[in-house]
file protein-v4.csv (CSV, C-alpha atoms and all ligand atoms)
chain,number,residue,atom,x,y,z
A,1,MET,CA,103.9,-67.4,-109.8
A,2,SER,CA,107.4,-68.6,-109.2
A,3,PRO,CA,110.2,-68.2,-111.8
A,4,VAL,CA,110.2,-70.9,-114.4
A,5,ARG,CA,113.2,-72.9,-115.5
A,6,CYS,CA,113.8,-73.3,-119.2
A,7,THR,CA,116.0,-76.4,-119.6
A,8,SER,CA,115.7,-76.8,-123.4
A,9,ILE,CA,114.2,-75.0,-126.4
A,10,LEU,CA,111.1,-77.2,-126.3
A,11,ALA,CA,110.7,-77.2,-122.6
A,12,ALA,CA,111.4,-73.5,-122.6
A,13,PHE,CA,108.7,-72.9,-125.1
A,14,VAL,CA,106.1,-74.7,-123.1
A,15,ALA,CA,107.3,-73.2,-119.9
A,16,CYS,CA,107.6,-69.6,-121.2
A,17,GLY,CA,106.2,-69.2,-124.6
A,18,LEU,CA,102.6,-69.2,-123.9
A,19,ALA,CA,102.5,-67.3,-120.7
A,20,ALA,CA,99.3,-65.7,-121.5
A,21,PHE,CA,97.6,-69.0,-121.2
A,22,ASN,CA,99.6,-70.4,-118.4
A,23,SER,CA,98.3,-71.0,-115.0
A,24,ILE,CA,100.7,-73.6,-113.7
A,25,ASP,CA,104.4,-73.0,-113.2
A,26,ALA,CA,106.9,-75.2,-115.0
A,27,ALA,CA,108.4,-77.9,-112.9
A,28,PRO,CA,112.0,-79.0,-113.0
A,29,PRO,CA,112.5,-82.2,-115.1
A,30,GLU,CA,113.5,-84.2,-112.1
A,31,SER,CA,110.3,-83.6,-110.2
A,32,LYS,CA,106.8,-84.9,-110.9
A,33,PRO,CA,104.4,-81.9,-111.3
A,34,THR,CA,101.1,-81.9,-109.5
A,35,TYR,CA,98.0,-80.4,-111.0
A,36,PRO,CA,94.7,-79.0,-109.8
A,37,PRO,CA,91.6,-80.8,-111.2
A,38,THR,CA,91.2,-78.1,-113.8
A,39,LEU,CA,93.5,-75.5,-115.3
A,40,HIS,CA,93.2,-71.7,-115.1
A,41,GLY,CA,89.7,-70.6,-116.1
A,42,GLY,CA,88.2,-74.1,-115.6
A,43,ALA,CA,89.7,-75.7,-118.6
A,44,PRO,CA,90.0,-79.5,-118.2
A,45,CYS,CA,93.3,-80.9,-117.0
A,46,GLY,CA,94.2,-83.4,-119.7
A,47,SER,CA,97.4,-84.5,-118.1
A,48,CYS,CA,95.5,-85.4,-114.9
A,49,ILE,CA,93.4,-88.0,-116.6
A,50,ALA,CA,95.5,-89.1,-119.5
A,51,PRO,CA,95.7,-92.8,-120.3
A,52,ALA,CA,99.1,-94.4,-119.5
A,53,ASP,CA,100.0,-95.4,-123.0
A,54,LEU,CA,99.6,-92.8,-125.7
A,55,SER,CA,100.0,-93.1,-129.5
A,56,TRP,CA,100.8,-90.5,-132.1
A,57,LYS,CA,97.2,-90.9,-133.2
A,58,THR,CA,93.9,-91.5,-131.6
A,59,VAL,CA,90.2,-92.1,-132.2
A,60,VAL,CA,88.0,-89.8,-130.0
A,61,THR,CA,84.5,-91.0,-130.9
A,62,SER,CA,82.8,-94.4,-131.4
A,63,ALA,CA,81.2,-95.2,-134.8
A,64,LYS,CA,77.8,-94.5,-133.1
A,65,GLU,CA,78.6,-90.9,-132.2
A,66,PRO,CA,76.3,-88.6,-134.2
A,67,GLY,CA,78.0,-86.1,-136.4
A,68,GLU,CA,80.2,-85.7,-139.4
A,69,PRO,CA,83.4,-87.8,-139.2
A,70,LEU,CA,86.5,-85.6,-139.0
A,71,ILE,CA,90.2,-86.4,-139.2
A,72,ILE,CA,92.7,-83.7,-138.2
A,73,SER,CA,96.4,-84.3,-138.6
A,74,GLY,CA,99.7,-82.4,-138.7
A,75,THR,CA,103.2,-82.1,-137.3
A,76,ILE,CA,104.3,-80.4,-134.1
A,77,HIS,CA,107.6,-78.5,-134.6
A,78,GLN,CA,110.1,-77.1,-132.2
A,79,PRO,CA,110.8,-73.4,-132.6
A,80,ASP,CA,113.8,-74.2,-134.8
A,81,GLY,CA,111.6,-76.2,-137.2
A,82,LYS,CA,112.7,-79.6,-136.1
A,83,PRO,CA,109.9,-82.2,-135.2
A,84,ALA,CA,109.0,-82.0,-131.6
A,85,ASN,CA,109.4,-85.5,-130.0
A,86,GLY,CA,107.5,-86.6,-126.9
A,87,VAL,CA,104.9,-83.8,-126.8
A,88,VAL,CA,101.4,-84.7,-125.7
A,89,LEU,CA,98.6,-83.0,-127.6
A,90,PHE,CA,95.3,-83.1,-125.6
A,91,ILE,CA,92.1,-82.0,-127.5
A,92,TYR,CA,88.5,-81.7,-126.5
A,93,HIS,CA,85.3,-80.3,-128.0
A,94,THR,CA,81.5,-80.2,-128.1
A,95,ASP,CA,79.4,-82.9,-129.7
A,96,ALA,CA,77.1,-82.5,-132.7
A,97,THR,CA,74.6,-80.6,-130.6
A,98,GLY,CA,77.1,-78.1,-129.3
A,99,TYR,CA,77.3,-79.4,-125.7
A,100,TYR,CA,80.4,-80.7,-123.9
A,101,ASN,CA,78.2,-83.2,-122.0
A,102,GLY,CA,74.8,-83.7,-120.5
A,103,GLN,CA,75.5,-81.0,-117.9
A,104,ASP,CA,77.1,-78.6,-120.4
A,105,ASP,CA,80.2,-78.7,-118.2
A,106,ALA,CA,83.1,-77.5,-120.3
A,107,SER,CA,85.5,-78.5,-117.5
A,108,HIS,CA,84.8,-82.2,-118.0
A,109,PRO,CA,84.1,-82.7,-121.7
A,110,ARG,CA,82.8,-86.1,-122.9
A,111,LEU,CA,84.7,-85.9,-126.2
A,112,LYS,CA,88.4,-85.7,-125.7
A,113,GLY,CA,91.6,-87.4,-126.8
A,114,TRP,CA,95.4,-87.5,-126.3
A,115,MET,CA,98.3,-88.0,-128.7
A,116,LYS,CA,102.0,-88.2,-128.0
A,117,THR,CA,104.4,-87.4,-130.8
A,118,GLY,CA,107.3,-89.6,-131.9
A,119,ALA,CA,110.5,-88.5,-133.5
A,120,ASP,CA,108.7,-87.2,-136.6
A,121,GLY,CA,106.4,-84.9,-134.5
A,122,ARG,CA,103.3,-86.2,-136.3
A,123,TYR,CA,99.8,-86.4,-134.7
A,124,GLU,CA,96.4,-87.4,-135.9
A,125,PHE,CA,92.9,-87.6,-134.3
A,126,ARG,CA,89.6,-88.9,-135.7
A,127,THR,CA,86.5,-87.5,-134.2
A,128,ILE,CA,83.3,-85.8,-135.3
A,129,LYS,CA,83.0,-82.2,-136.3
A,130,PRO,CA,81.8,-80.3,-133.3
A,131,ALA,CA,78.8,-78.0,-133.4
A,132,PRO,CA,78.9,-74.4,-132.1
A,133,TYR,CA,77.5,-73.6,-128.7
A,134,PRO,CA,73.7,-73.4,-128.9
A,135,HIS,CA,72.2,-69.9,-128.9
A,136,ARG,CA,75.6,-68.2,-129.1
A,137,THR,CA,77.8,-66.9,-131.9
A,138,THR,CA,81.1,-68.5,-131.0
A,139,PRO,CA,82.5,-70.4,-134.0
A,140,ALA,CA,82.6,-74.2,-133.7
A,141,HIS,CA,86.0,-75.1,-132.2
A,142,ILE,CA,88.3,-77.8,-130.8
A,143,HIS,CA,90.4,-76.8,-127.8
A,144,ALA,CA,94.0,-78.0,-127.6
A,145,HIS,CA,96.6,-78.3,-124.8
A,146,VAL,CA,100.2,-79.4,-124.9
A,147,TYR,CA,102.5,-80.7,-122.2
A,148,GLY,CA,105.5,-82.9,-121.8
A,149,PRO,CA,108.1,-84.2,-119.3
A,150,GLY,CA,109.3,-81.6,-117.0
A,151,TYR,CA,106.8,-78.9,-118.0
A,152,SER,CA,103.2,-78.4,-117.3
A,153,GLU,CA,100.0,-78.4,-119.4
A,154,ARG,CA,98.8,-75.3,-121.1
A,155,SER,CA,96.4,-74.2,-123.8
A,156,ILE,CA,97.3,-73.4,-127.4
A,157,ASP,CA,95.1,-71.7,-129.9
A,158,ASP,CA,91.8,-73.4,-130.8
A,159,TYR,CA,91.0,-75.1,-134.0
A,160,TRP,CA,88.3,-73.3,-136.0
A,161,PHE,CA,87.0,-74.4,-139.4
A,162,GLU,CA,87.1,-72.4,-142.6
A,163,GLY,CA,83.6,-71.4,-143.8
A,164,ASP,CA,82.1,-71.3,-140.3
A,165,PRO,CA,79.4,-68.5,-140.5
A,166,PHE,CA,80.4,-67.3,-137.0
A,167,ILE,CA,83.9,-66.5,-138.1
A,168,ASN,CA,84.0,-62.7,-138.6
A,169,ALA,CA,85.9,-59.7,-137.5
A,170,GLN,CA,84.1,-59.5,-134.2
A,171,ALA,CA,84.8,-63.1,-133.3
A,172,LEU,CA,88.5,-62.7,-134.2
A,173,ALA,CA,88.7,-59.5,-132.1
A,174,ARG,CA,87.3,-61.3,-129.1
A,175,MET,CA,90.0,-63.9,-129.4
A,176,LYS,CA,92.7,-61.2,-129.9
A,177,GLU,CA,91.6,-59.6,-126.7
A,178,MET,CA,92.4,-62.9,-125.0
A,179,GLY,CA,95.8,-63.1,-126.7
A,180,ALA,CA,94.7,-65.9,-129.0
A,181,THR,CA,94.8,-66.4,-132.7
A,182,PRO,CA,92.6,-69.5,-133.7
A,183,ALA,CA,94.0,-71.8,-136.3
A,184,ILE,CA,91.3,-71.7,-139.1
A,185,VAL,CA,91.5,-75.1,-140.7
A,186,ALA,CA,90.3,-75.9,-144.2
A,187,LEU,CA,88.4,-79.1,-144.5
A,188,LYS,CA,88.1,-81.3,-147.5
A,189,ARG,CA,86.3,-84.6,-148.0
A,190,ASP,CA,88.5,-87.6,-148.8
A,191,GLY,CA,87.4,-90.5,-151.0
A,192,ALA,CA,85.4,-92.1,-148.2
A,193,GLY,CA,83.5,-88.8,-147.5
A,194,VAL,CA,85.4,-88.1,-144.3
A,195,LEU,CA,86.3,-84.5,-143.6
A,196,ARG,CA,90.0,-84.0,-143.3
A,197,GLY,CA,92.1,-81.0,-142.2
A,198,LEU,CA,95.7,-80.2,-141.6
A,199,ARG,CA,97.2,-78.1,-138.9
A,200,ASP,CA,100.9,-78.0,-138.1
A,201,ILE,CA,101.9,-76.5,-134.8
A,202,THR,CA,105.1,-74.6,-134.2
A,203,LEU,CA,106.1,-74.2,-130.6
A,204,LYS,CA,107.0,-70.7,-129.7
A,205,PRO,CA,110.5,-69.7,-128.6
A,206,VAL,CA,111.5,-68.6,-125.2
A,207,GLN,CA,110.4,-65.1,-124.2
A,208,ASN,CA,113.3,-63.9,-122.0
B,301,FE,FE,84.8,-74.3,-126.0

call {"tool": "encode", "arguments": {"input": "protein-v4.csv", "output": "C-alpha cells", "more": "lines below"}}
Ligand SMILES: [Fe+2]
result
Amino acid sequence: MSPVRCTSILAAFVACGLAAFNSIDAAPPESKPTYPPTLHGGAPCGSCIAPADLSWKTVVTSAKEPGEPLIISGTIHQPDGKPANGVVLFIYHTDATGYYNGQDDASHPRLKGWMKTGADGRYEFRTIKPAPYPHRTTPAHIHAHVYGPGYSERSIDDYWFEGDPFINAQALARMKEMGATPAIVALKRDGAGVLRGLRDITLKPVQN
C-alpha cells in the first residue's frame, strides 16, 4: 500500500481514518481513481456502478418489493462537527428473505442505493427492512460505504436494528474482532406505519 495524501480534514478522514476497512489507496484530487470490480473482501464497489446524478435522498426499492417499508435518515458530519458536503453514501442489503440476490452473491447485491450530501450533510434512503441471513445468527444489517472526490471508497460500520434477537455479546464481539462497531438504530413507526430510524455519521479524524 502506498502512502496516502491527506489534503483536507474530510479527505484525510476518508483516506486515513478507517484504515482497518481500507483496501484502496487514496488518490490525489487531481487524478481520477480506478477501482477493481469489488473492494477488499469482495464487498461491492458502489463507486464503480453509481448513477451519474445523485441526490441527498434515494428510494432503493419499488412499491412491489416484499418487506416492511423503512426510511433511514441522518446527517454526515466532518470530524469538527460541521456538515460534510459532497460525500457519497452507498448502502446495500439483503431482501426480506435474507438474500442479496438469486445467487446469494453479496458482491453484487440487488438492493442498493446512493446518496450525495449537500451543504447540510443530510441523507435519507427509503427501502425495506432487510432480513437476517437464513440459517445464521448474524443480525439483520445494512452495509454502508462512503467516498468522495479525490478519495476512494471504503466501508463504514453497518446499520443494525435495536431489538434484533441476534444482537448479543457474541455478535458484538465478532464485529469488534473485525474492528467494527455497528450502529444499532432504533426504529419507530410514523403515522403512515413506515418504520423510521435515525443515524448520524461523524467522519473520523486523521490518524497520523
Ligand atoms: Fe451482509

call {"tool": "atom_distance", "arguments": {"input": "protein-v4.csv", "atom1": "CA of Asn168 in chain A", "atom2": "CA of Pro139 in chain A"}}
result
9.1 Å

call {"tool": "residues_near_ligand", "arguments": {"input": "protein-v4.csv", "ligand": "ligand FE 301 (chain B)", "cutoff": "7 Å", "atoms": "all atoms listed in the file", "output": "list of chain:residue names"}}
result
A:His93, A:Ala106, A:His141, A:Ile142, A:His143

call {"tool": "write_last_selection", "arguments": {"input": "protein-v4.csv", "atoms": "C-alpha atoms", "output": "PDB file, in the frame of the given file"}}
result
ATOM      1  CA  HIS A  93      85.300 -80.300-128.000  1.00  0.00           C
ATOM      2  CA  ALA A 106      83.100 -77.500-120.300  1.00  0.00           C
ATOM      3  CA  HIS A 141      86.000 -75.100-132.200  1.00  0.00           C
ATOM      4  CA  ILE A 142      88.300 -77.800-130.800  1.00  0.00           C
ATOM      5  CA  HIS A 143      90.400 -76.800-127.800  1.00  0.00           C
TER       6      HIS A 143
END

call {"tool": "closest_residue", "arguments": {"input": "protein-v4.csv", "among": "A:Asp200, A:Glu153, A:Asp190, A:Asp164", "to": "Ala43 in chain A", "atoms": "only C-alpha atoms"}}
result
A:Glu153

call {"tool": "residues_around", "arguments": {"input": "protein-v4.csv", "residues": "Ala169 in chain A", "least_positions_apart": "5", "cutoff": "12 Å", "atoms": "only C-alpha atoms", "output": "ChimeraX atom specification"}}
result
/A:138-139,174-176

call {"tool": "write_last_selection", "arguments": {"input": "protein-v4.csv", "atoms": "C-alpha atoms", "output": "short mmCIF file (atom, residue, chain, number, x, y, z; two decimals), in the coordinates of the input"}}
result
data_model
loop_
_atom_site.label_atom_id
_atom_site.label_comp_id
_atom_site.auth_asym_id
_atom_site.auth_seq_id
_atom_site.Cartn_x
_atom_site.Cartn_y
_atom_site.Cartn_z
CA THR A 138 81.10 -68.50 -131.00
CA PRO A 139 82.50 -70.40 -134.00
CA ARG A 174 87.30 -61.30 -129.10
CA MET A 175 90.00 -63.90 -129.40
CA LYS A 176 92.70 -61.20 -129.90
#

call {"tool": "closest_residue", "arguments": {"input": "protein-v4.csv", "among": "A:Pro66, A:Gly148, A:Gly121, A:Pro44", "to": "Ile91 in chain A", "atoms": "all atoms listed in the file"}}
result
A:Pro44

call {"tool": "residues_around", "arguments": {"input": "protein-v4.csv", "residues": "Ile201 in chain A", "least_positions_apart": "4", "cutoff": "8 Å", "atoms": "all atoms listed in the file", "output": "number ranges by chain"}}
result
A: 74-77

call {"tool": "atom_distance", "arguments": {"input": "protein-v4.csv", "atom1": "CA of Thr137 in chain A", "atom2": "CA of Leu195 in chain A"}}
result
22.8 Å

call {"tool": "closest_atom_pairs", "arguments": {"input": "protein-v4.csv", "of": "range 86-185 of chain A", "to": "range 52-57 of chain A", "cutoff": "6 Å", "atoms": "only C-alpha atoms", "output": "tab-separated table"}}
result
residue	atom	partner	partner_atom	distance
A:Met115	CA	A:Trp56	CA	4.9
A:Lys116	CA	A:Trp56	CA	4.9
A:Thr117	CA	A:Trp56	CA	4.9
A:Tyr123	CA	A:Trp56	CA	5.0
A:Glu124	CA	A:Lys57	CA	4.5
A:Phe125	CA	A:Lys57	CA	5.5
